[in-house]
$ cat final_1.cif   # mmCIF, C-alpha atoms
data_input
#
loop_
_atom_site.group_PDB
_atom_site.id
_atom_site.type_symbol
_atom_site.label_atom_id
_atom_site.label_comp_id
_atom_site.auth_asym_id
_atom_site.auth_seq_id
_atom_site.Cartn_x
_atom_site.Cartn_y
_atom_site.Cartn_z
ATOM 1 C CA MET D 1143 6.452 -11.033 15.943
ATOM 2 C CA GLY D 1144 5.276 -11.381 19.546
ATOM 3 C CA LEU D 1145 1.649 -11.173 20.651
ATOM 4 C CA ARG D 1146 1.917 -7.533 21.737
ATOM 5 C CA GLU D 1147 3.565 -6.473 18.498
ATOM 6 C CA ARG D 1148 0.980 -8.399 16.493
ATOM 7 C CA LYS D 1149 -1.873 -6.708 18.365
ATOM 8 C CA LYS D 1150 -0.334 -3.298 17.726
ATOM 9 C CA ALA D 1151 0.072 -4.099 14.038
ATOM 10 C CA GLU D 1152 -3.565 -5.230 13.863
ATOM 11 C CA THR D 1153 -4.757 -2.036 15.554
ATOM 12 C CA ARG D 1154 -2.687 0.134 13.223
ATOM 13 C CA ALA D 1155 -4.043 -1.714 10.181
ATOM 14 C CA ALA D 1156 -7.621 -1.462 11.458
ATOM 15 C CA LEU D 1157 -7.307 2.275 12.074
ATOM 16 C CA SER D 1158 -5.844 2.828 8.626
ATOM 17 C CA TRP D 1159 -8.586 0.830 6.928
ATOM 18 C CA ALA D 1160 -11.270 2.666 8.924
ATOM 19 C CA ALA D 1161 -9.742 5.981 7.852
ATOM 20 C CA VAL D 1162 -9.803 4.885 4.215
ATOM 21 C CA ARG D 1163 -13.299 3.433 4.376
ATOM 22 C CA LEU D 1164 -14.867 6.432 6.104
ATOM 23 C CA THR D 1165 -13.092 8.910 3.826
ATOM 24 C CA VAL D 1166 -14.244 7.085 0.706
ATOM 25 C CA GLU D 1167 -17.802 7.018 2.034
ATOM 26 C CA ARG D 1168 -18.029 10.567 3.410
ATOM 27 C CA GLY D 1169 -15.163 12.653 2.045
ATOM 28 C CA LEU D 1170 -12.048 13.691 3.940
ATOM 29 C CA ASP D 1171 -13.482 16.874 5.446
ATOM 30 C CA ASN D 1172 -16.443 14.964 6.874
ATOM 31 C CA VAL D 1173 -14.342 12.455 8.814
ATOM 32 C CA LYS D 1174 -12.947 13.210 12.253
ATOM 33 C CA VAL D 1175 -10.301 11.359 14.230
ATOM 34 C CA GLU D 1176 -13.041 10.487 16.692
ATOM 35 C CA ASP D 1177 -15.012 8.784 13.905
ATOM 36 C CA ILE D 1178 -12.038 6.645 12.917
ATOM 37 C CA ALA D 1179 -11.274 5.673 16.495
ATOM 38 C CA ASP D 1180 -14.919 4.852 17.190
ATOM 39 C CA ALA D 1181 -15.097 2.611 14.109
ATOM 40 C CA VAL D 1182 -12.290 0.497 15.551
ATOM 41 C CA GLY D 1183 -13.500 0.663 19.146
ATOM 42 C CA VAL D 1184 -10.568 2.622 20.548
ATOM 43 C CA SER D 1185 -10.122 6.123 21.927
ATOM 44 C CA PRO D 1186 -8.920 9.158 19.930
ATOM 45 C CA ARG D 1187 -5.862 9.098 22.165
ATOM 46 C CA THR D 1188 -5.081 5.604 20.924
ATOM 47 C CA PHE D 1189 -5.416 6.849 17.344
ATOM 48 C CA ASN D 1190 -2.895 9.588 18.116
ATOM 49 C CA ASN D 1191 -0.486 6.990 19.489
ATOM 50 C CA TYR D 1192 -0.351 5.452 16.026
ATOM 51 C CA PHE D 1193 -0.858 8.343 13.617
ATOM 52 C CA SER D 1194 -0.267 12.081 13.669
ATOM 53 C CA SER D 1195 -3.067 12.875 11.209
ATOM 54 C CA LYS D 1196 -5.921 11.478 9.148
ATOM 55 C CA ALA D 1197 -3.735 11.718 6.062
ATOM 56 C CA GLU D 1198 -1.015 9.579 7.626
ATOM 57 C CA ALA D 1199 -3.598 6.997 8.669
ATOM 58 C CA ILE D 1200 -5.106 6.834 5.184
ATOM 59 C CA VAL D 1201 -1.775 6.513 3.390
ATOM 60 C CA PHE D 1202 -0.421 3.937 5.845
ATOM 61 C CA ARG D 1203 -2.437 1.168 4.193
ATOM 62 C CA HIS D 1204 -0.666 1.784 0.891
ATOM 63 C CA LEU D 1205 2.713 2.144 2.601
ATOM 64 C CA ASP D 1206 2.225 -1.091 4.544
ATOM 65 C CA ARG D 1207 1.431 -2.990 1.374
ATOM 66 C CA CYS D 1208 4.500 -1.597 -0.406
ATOM 67 C CA LEU D 1209 6.778 -2.388 2.532
ATOM 68 C CA GLY D 1210 5.289 -5.873 2.482
ATOM 69 C CA VAL D 1211 6.609 -6.277 -1.065
ATOM 70 C CA ALA D 1212 10.154 -5.772 0.229
ATOM 71 C CA GLU D 1213 9.521 -8.211 3.065
ATOM 72 C CA ALA D 1214 8.228 -10.845 0.654
ATOM 73 C CA LEU D 1215 11.266 -10.403 -1.602
ATOM 74 C CA ARG D 1216 13.496 -11.268 1.328
ATOM 75 C CA GLU D 1217 11.398 -14.327 2.131
ATOM 76 C CA ARG D 1218 11.292 -15.670 -1.438
ATOM 77 C CA SER D 1219 15.013 -15.607 -2.127
ATOM 78 C CA ALA D 1220 15.073 -18.881 -4.090
ATOM 79 C CA GLU D 1221 12.866 -17.617 -6.925
ATOM 80 C CA PRO D 1222 14.048 -15.599 -9.932
ATOM 81 C CA LEU D 1223 13.876 -11.928 -9.022
ATOM 82 C CA TRP D 1224 11.023 -10.836 -11.279
ATOM 83 C CA ASP D 1225 8.936 -13.905 -10.439
ATOM 84 C CA ALA D 1226 9.385 -13.039 -6.775
ATOM 85 C CA ILE D 1227 8.527 -9.383 -7.381
ATOM 86 C CA THR D 1228 5.342 -10.258 -9.252
ATOM 87 C CA HIS D 1229 4.229 -12.723 -6.580
ATOM 88 C CA ALA D 1230 5.043 -10.256 -3.798
ATOM 89 C CA VAL D 1231 3.125 -7.403 -5.406
ATOM 90 C CA LEU D 1232 0.067 -9.486 -6.297
ATOM 91 C CA THR D 1233 -0.058 -10.972 -2.802
ATOM 92 C CA ARG D 1234 0.277 -7.653 -0.996
ATOM 93 C CA PHE D 1235 -2.222 -5.829 -3.199
ATOM 94 C CA GLY D 1236 -4.863 -8.540 -3.109
ATOM 95 C CA PRO D 1237 -7.776 -8.797 -0.661
ATOM 96 C CA ASP D 1238 -6.771 -8.745 3.002
ATOM 97 C CA ALA D 1239 -8.405 -9.274 6.392
ATOM 98 C CA GLN D 1240 -9.636 -5.698 6.668
ATOM 99 C CA SER D 1241 -11.342 -5.581 3.282
ATOM 100 C CA ALA D 1242 -12.795 -9.064 3.839
ATOM 101 C CA ALA D 1243 -14.302 -7.926 7.137
ATOM 102 C CA HIS D 1244 -15.860 -4.860 5.478
ATOM 103 C CA PRO D 1245 -16.882 -5.882 1.935
ATOM 104 C CA VAL D 1246 -17.815 -3.133 -0.500
ATOM 105 C CA ALA D 1247 -21.562 -3.021 -1.104
ATOM 106 C CA ASP D 1248 -21.471 -0.889 -4.264
ATOM 107 C CA ALA D 1249 -18.274 -1.242 -6.304
ATOM 108 C CA ALA D 1250 -19.012 1.720 -8.579
ATOM 109 C CA GLN D 1251 -19.734 4.025 -5.649
ATOM 110 C CA TRP D 1252 -16.612 2.834 -3.871
ATOM 111 C CA THR D 1253 -14.417 3.471 -6.911
ATOM 112 C CA ALA D 1254 -15.867 6.960 -7.301
ATOM 113 C CA GLY D 1255 -15.115 7.668 -3.647
ATOM 114 C CA VAL D 1256 -11.544 6.416 -3.996
ATOM 115 C CA ARG D 1257 -11.028 8.715 -7.004
ATOM 116 C CA VAL D 1258 -12.071 11.681 -4.878
ATOM 117 C CA MET D 1259 -9.927 10.572 -1.944
ATOM 118 C CA VAL D 1260 -6.676 10.124 -3.873
ATOM 119 C CA ALA D 1261 -7.131 13.563 -5.455
ATOM 120 C CA GLU D 1262 -7.162 15.249 -2.041
ATOM 121 C CA PRO D 1263 -4.272 17.772 -1.808
ATOM 122 C CA ALA D 1264 -3.937 16.964 1.903
ATOM 123 C CA LEU D 1265 -2.787 13.438 1.021
ATOM 124 C CA ARG D 1266 -0.109 14.338 -1.511
ATOM 125 C CA GLY D 1267 2.695 14.996 0.942
ATOM 126 C CA GLU D 1268 2.028 11.748 2.797
ATOM 127 C CA MET D 1269 1.884 9.822 -0.475
ATOM 128 C CA LEU D 1270 5.248 11.193 -1.554
ATOM 129 C CA ARG D 1271 6.783 10.335 1.814
ATOM 130 C CA ALA D 1272 5.325 6.830 1.751
ATOM 131 C CA GLY D 1273 6.528 6.280 -1.806
ATOM 132 C CA ALA D 1274 10.074 7.288 -0.906
ATOM 133 C CA LEU D 1275 10.118 5.016 2.151
ATOM 134 C CA ALA D 1276 8.752 2.057 0.215
ATOM 135 C CA GLU D 1277 11.083 2.570 -2.731
ATOM 136 C CA ALA D 1278 14.130 2.674 -0.451
ATOM 137 C CA GLU D 1279 13.094 -0.553 1.288
ATOM 138 C CA ILE D 1280 12.405 -2.382 -1.977
ATOM 139 C CA ALA D 1281 15.779 -1.217 -3.319
ATOM 140 C CA ALA D 1282 17.483 -2.603 -0.218
ATOM 141 C CA ALA D 1283 15.731 -5.957 -0.662
ATOM 142 C CA VAL D 1284 16.723 -6.112 -4.333
ATOM 143 C CA ALA D 1285 20.340 -5.277 -3.477
ATOM 144 C CA GLU D 1286 20.420 -8.088 -0.931
ATOM 145 C CA ARG D 1287 19.099 -10.566 -3.495
ATOM 146 C CA THR D 1288 21.418 -9.500 -6.318
ATOM 147 C CA GLY D 1289 24.526 -8.768 -4.267
ATOM 148 C CA GLY D 1290 24.353 -5.129 -5.238
ATOM 149 C CA ASP D 1291 25.662 -2.102 -3.380
ATOM 150 C CA LEU D 1292 23.005 0.474 -2.550
ATOM 151 C CA ASP D 1293 25.524 3.295 -2.476
ATOM 152 C CA HIS D 1294 27.125 2.550 -5.838
ATOM 153 C CA ASP D 1295 24.841 0.384 -7.978
ATOM 154 C CA LEU D 1296 21.998 1.800 -10.057
ATOM 155 C CA TYR D 1297 20.146 -1.482 -10.582
ATOM 156 C CA PRO D 1298 18.446 -1.917 -7.157
ATOM 157 C CA HIS D 1299 17.157 1.663 -7.235
ATOM 158 C CA LEU D 1300 16.011 1.319 -10.834
ATOM 159 C CA VAL D 1301 14.082 -1.871 -10.030
ATOM 160 C CA ALA D 1302 12.490 -0.331 -6.937
ATOM 161 C CA SER D 1303 11.485 2.764 -8.884
ATOM 162 C CA ALA D 1304 10.027 0.600 -11.654
ATOM 163 C CA VAL D 1305 8.054 -1.530 -9.188
ATOM 164 C CA MET D 1306 6.555 1.531 -7.505
ATOM 165 C CA ALA D 1307 5.769 3.040 -10.915
ATOM 166 C CA ALA D 1308 4.008 -0.170 -11.938
ATOM 167 C CA VAL D 1309 1.949 -0.196 -8.737
ATOM 168 C CA ASN D 1310 0.983 3.470 -8.959
ATOM 169 C CA THR D 1311 0.211 3.324 -12.671
ATOM 170 C CA ALA D 1312 -1.883 0.158 -12.355
ATOM 171 C CA ILE D 1313 -3.943 1.643 -9.515
ATOM 172 C CA ALA D 1314 -4.426 4.925 -11.381
ATOM 173 C CA HIS D 1315 -5.484 3.067 -14.546
ATOM 174 C CA HIS D 1316 -7.912 0.941 -12.544
ATOM 175 C CA LEU D 1317 -9.524 4.088 -11.165
ATOM 176 C CA ARG D 1318 -9.906 5.821 -14.533
ATOM 177 C CA THR D 1319 -11.288 2.886 -16.556
ATOM 178 C CA ASP D 1320 -15.030 2.325 -16.798
ATOM 179 C CA PRO D 1321 -15.782 -0.373 -15.975
ATOM 180 C CA PRO D 1322 -12.593 -0.644 -13.903
ATOM 181 C CA VAL D 1323 -10.016 -3.170 -15.109
ATOM 182 C CA PRO D 1324 -9.074 -5.466 -12.177
ATOM 183 C CA VAL D 1325 -5.951 -4.282 -10.382
ATOM 184 C CA ASP D 1326 -4.339 -7.728 -10.317
ATOM 185 C CA ARG D 1327 -4.579 -7.978 -14.112
ATOM 186 C CA LEU D 1328 -3.052 -4.524 -14.538
ATOM 187 C CA LEU D 1329 -0.249 -5.261 -12.060
ATOM 188 C CA THR D 1330 0.597 -8.544 -13.773
ATOM 189 C CA ASP D 1331 0.699 -6.856 -17.180
ATOM 190 C CA ALA D 1332 2.743 -3.878 -15.979
ATOM 191 C CA LEU D 1333 5.342 -5.992 -14.185
ATOM 192 C CA ALA D 1334 5.640 -8.417 -17.114
ATOM 193 C CA ARG D 1335 6.323 -5.524 -19.481
ATOM 194 C CA ILE D 1336 8.980 -4.101 -17.175
ATOM 195 C CA ALA D 1337 10.599 -7.486 -16.526
ATOM 196 C CA ALA D 1338 10.886 -8.108 -20.262
ATOM 197 C CA GLY D 1339 13.207 -5.140 -20.580
ATOM 198 C CA LEU D 1340 14.836 -5.036 -17.162
ATOM 199 C CA SER D 1341 16.441 -8.432 -16.695
ATOM 200 C CA THR D 1342 18.336 -9.522 -13.606
ATOM 201 C CA PRO D 1343 22.073 -8.745 -13.822
#
$ encode --input "final_1.cif" --output "structure tokens"
Amino acid sequence: MGLRERKKAETRAALSWAAVRLTVERGLDNVKVEDIADAVGVSPRTFNNYFSSKAEAIVFRHLDRCLGVAEALRERSAEPLWDAITHAVLTRFGPDAQSAAHPVADAAQWTAGVRVMVAEPALRGEMLRAGALAEAEIAAAVAERTGGDLDHDLYPHLVASAVMAAVNTAIAHHLRTDPPVPVDRLLTDALARIAAGLSTP
């Protein structure tokens, strides 16, 4: 990735994180595009160059992490498939530069805000779209690793669907437990259970 592309990726990630952070803190209806842009130090026009809506900006963070799983699978081709999947998921869903730059002051308040955010009807369409995009990319990466055919083989699609189910279920369980069970522990457990019954062909 060249310098320009890296800068664009950093701006997109920063805008998405700002959208998430402000929505968790204030609620979706109380956040404007101008607020998100101002938090990153760019203009609303710049925001609109990257995202068509607040919902798209919020969901992008999740989509980017899921697409990163597929990217990591391609990079870690020497490992057994399920070891690579587990490492890829745990790496992509761990702390990143954006969350490190803006640490959560009150974990309980943050979790409560996230619960409200993910229940927003305005986000559902974007979440479904992001899930479909991520699942297709993970399936393609699995097919490349296993020599499968995306048009004819069930296995790559089944694995991708299982990985996305594990991610979504782990996050949902984290949000409903009190106190919240750490996401990395839930992801590790979920993927281990799936791998035990979904071996590599």
$ residues_around --input "final_1.cif" --residues "range 1271-1286 of chain D" --least-positions-apart "3" --cutoff "9 Å" --atoms "all atoms listed in the file" --output "MDAnalysis selection string"
chainID D and resid 1201:1202 1204:1213 1215:1216 1223 1266:1268 1289:1292 1295 1297:1303 1305:1306
$ atom_distance --input "final_1.cif" --atom1 "CA of Arg1168 in chain D" --atom2 "CA of Pro1186 in chain D"
18.9 Å
$ resolve_selection --input "final_1.cif" --expression "the PyMOL selection byres ((chain D and resi 1326) around 12)" --output "JSON, numbers by chain"
{"D": [1228, 1229, 1230, 1231, 1232, 1233, 1234, 1235, 1236, 1237, 1308, 1309, 1312, 1313, 1315, 1316, 1322, 1323, 1324, 1325, 1327, 1328, 1329, 1330, 1331, 1332, 1333]}
$ atom_distance --input "final_1.cif" --atom1 "CA of Pro1245 in chain D" --atom2 "CA of Arg1257 in chain D"
18.1 Å
$ resolve_selection --input "final_1.cif" --expression "the PyMOL selection byres ((chain D and resi 1342) around 9)" --output "PyMOL selection string"
chain D and resi 1222-1224+1288+1297+1337+1340-1341+1343
$ residues_around --input "final_1.cif" --residues "Ala1161 in chain D" --least-positions-apart "5" --cutoff "7 Å" --atoms "all atoms listed in the file" --output "count of residues only"
4
$ axis_aligned_box --input "final_1.cif" --around "range 1287-1294 of chain D" --padding-each-side "3 Å" --output "JSON"
{"center_x": 23.1, "center_y": -3.6, "center_z": -4.4, "size_x": 14.0, "size_y": 19.9, "size_z": 9.8}
$ closest_residue --input "final_1.cif" --among "D:Arg1203, D:Asp1238, D:Val1166, D:Thr1153" --to "Phe1189 in chain D" --atoms "only C-alpha atoms"
D:Thr1153
$ residues_around --input "final_1.cif" --residues "Ala1254 in chain D" --least-positions-apart "3" --cutoff "12 Å" --atoms "all atoms listed in the file" --output "VMD selection string"
chain D and resid 1165 to 1169 1248 to 1251 1257 to 1261 1316 to 1322
$ closest_residue --input "final_1.cif" --among "D:Ala1220, D:Ala1181, D:Leu1270, D:Leu1145" --to "Trp1159 in chain D" --atoms "only C-alpha atoms"
D:Ala1181
$ atom_distance --input "final_1.cif" --atom1 "CA of Ala1155 in chain D" --atom2 "CA of Val1182 in chain D"
10.1 Å
$ closest_residue --input "final_1.cif" --among "D:Leu1157, D:Leu1170, D:Val1162, D:Ala1338" --to "Gly1183 in chain D" --atoms "all atoms listed in the file"
D:Leu1157
$ decode --input "final_1.cif" --residues "range 1313-1331 of chain D" --atoms "N, CA and C atoms" --output "PDB file, in the first residue's frame"
ATOM      1  N   ILE D1313     -19.736 -11.677  20.022  1.00  0.00           N
ATOM      2  CA  ILE D1313     -19.948 -10.259  20.338  1.00  0.00           C
ATOM      3  C   ILE D1313     -21.288 -10.075  21.046  1.00  0.00           C
ATOM      4  N   ALA D1314     -22.325 -10.736  20.533  1.00  0.00           N
ATOM      5  CA  ALA D1314     -23.648 -10.620  21.156  1.00  0.00           C
ATOM      6  C   ALA D1314     -23.631 -11.157  22.587  1.00  0.00           C
ATOM      7  N   HIS D1315     -22.922 -12.272  22.812  1.00  0.00           N
ATOM      8  CA  HIS D1315     -22.855 -12.851  24.152  1.00  0.00           C
ATOM      9  C   HIS D1315     -22.074 -11.927  25.088  1.00  0.00           C
ATOM     10  N   HIS D1316     -21.024 -11.340  24.582  1.00  0.00           N
ATOM     11  CA  HIS D1316     -20.249 -10.372  25.369  1.00  0.00           C
ATOM     12  C   HIS D1316     -21.139  -9.223  25.839  1.00  0.00           C
ATOM     13  N   LEU D1317     -21.997  -8.748  24.952  1.00  0.00           N
ATOM     14  CA  LEU D1317     -22.845  -7.604  25.279  1.00  0.00           C
ATOM     15  C   LEU D1317     -23.966  -7.950  26.255  1.00  0.00           C
ATOM     16  N   ARG D1318     -24.397  -9.210  26.284  1.00  0.00           N
ATOM     17  CA  ARG D1318     -25.525  -9.542  27.162  1.00  0.00           C
ATOM     18  C   ARG D1318     -25.090 -10.096  28.519  1.00  0.00           C
ATOM     19  N   THR D1319     -23.808 -10.441  28.683  1.00  0.00           N
ATOM     20  CA  THR D1319     -23.363 -10.961  29.977  1.00  0.00           C
ATOM     21  C   THR D1319     -23.028  -9.814  30.924  1.00  0.00           C
ATOM     22  N   ASP D1320     -23.214 -10.068  32.214  1.00  0.00           N
ATOM     23  CA  ASP D1320     -22.946  -9.042  33.221  1.00  0.00           C
ATOM     24  C   ASP D1320     -22.308  -9.699  34.443  1.00  0.00           C
ATOM     25  N   PRO D1321     -21.012  -9.463  34.671  1.00  0.00           N
ATOM     26  CA  PRO D1321     -20.134  -8.603  33.872  1.00  0.00           C
ATOM     27  C   PRO D1321     -19.803  -9.257  32.537  1.00  0.00           C
ATOM     28  N   PRO D1322     -19.457  -8.441  31.525  1.00  0.00           N
ATOM     29  CA  PRO D1322     -19.207  -8.988  30.194  1.00  0.00           C
ATOM     30  C   PRO D1322     -18.036  -9.970  30.172  1.00  0.00           C
ATOM     31  N   VAL D1323     -18.230 -11.103  29.514  1.00  0.00           N
ATOM     32  CA  VAL D1323     -17.139 -12.053  29.296  1.00  0.00           C
ATOM     33  C   VAL D1323     -16.259 -11.473  28.190  1.00  0.00           C
ATOM     34  N   PRO D1324     -14.937 -11.484  28.345  1.00  0.00           N
ATOM     35  CA  PRO D1324     -14.048 -10.917  27.317  1.00  0.00           C
ATOM     36  C   PRO D1324     -14.304 -11.530  25.941  1.00  0.00           C
ATOM     37  N   VAL D1325     -14.305 -10.677  24.930  1.00  0.00           N
ATOM     38  CA  VAL D1325     -14.593 -11.130  23.571  1.00  0.00           C
ATOM     39  C   VAL D1325     -13.568 -12.145  23.088  1.00  0.00           C
ATOM     40  N   ASP D1326     -12.284 -11.931  23.397  1.00  0.00           N
ATOM     41  CA  ASP D1326     -11.272 -12.862  22.900  1.00  0.00           C
ATOM     42  C   ASP D1326     -11.481 -14.266  23.450  1.00  0.00           C
ATOM     43  N   ARG D1327     -11.924 -14.363  24.708  1.00  0.00           N
ATOM     44  CA  ARG D1327     -12.193 -15.683  25.292  1.00  0.00           C
ATOM     45  C   ARG D1327     -13.376 -16.347  24.591  1.00  0.00           C
ATOM     46  N   LEU D1328     -14.416 -15.559  24.319  1.00  0.00           N
ATOM     47  CA  LEU D1328     -15.594 -16.102  23.649  1.00  0.00           C
ATOM     48  C   LEU D1328     -15.277 -16.521  22.216  1.00  0.00           C
ATOM     49  N   LEU D1329     -14.479 -15.720  21.512  1.00  0.00           N
ATOM     50  CA  LEU D1329     -14.105 -16.056  20.139  1.00  0.00           C
ATOM     51  C   LEU D1329     -13.280 -17.344  20.104  1.00  0.00           C
ATOM     52  N   THR D1330     -12.327 -17.455  21.001  1.00  0.00           N
ATOM     53  CA  THR D1330     -11.490 -18.654  21.060  1.00  0.00           C
ATOM     54  C   THR D1330     -12.342 -19.888  21.303  1.00  0.00           C
ATOM     55  N   ASP D1331     -13.266 -19.793  22.249  1.00  0.00           N
ATOM     56  CA  ASP D1331     -14.134 -20.922  22.587  1.00  0.00           C
ATOM     57  C   ASP D1331     -15.044 -21.281  21.416  1.00  0.00           C
TER      58      ASP D1331
END
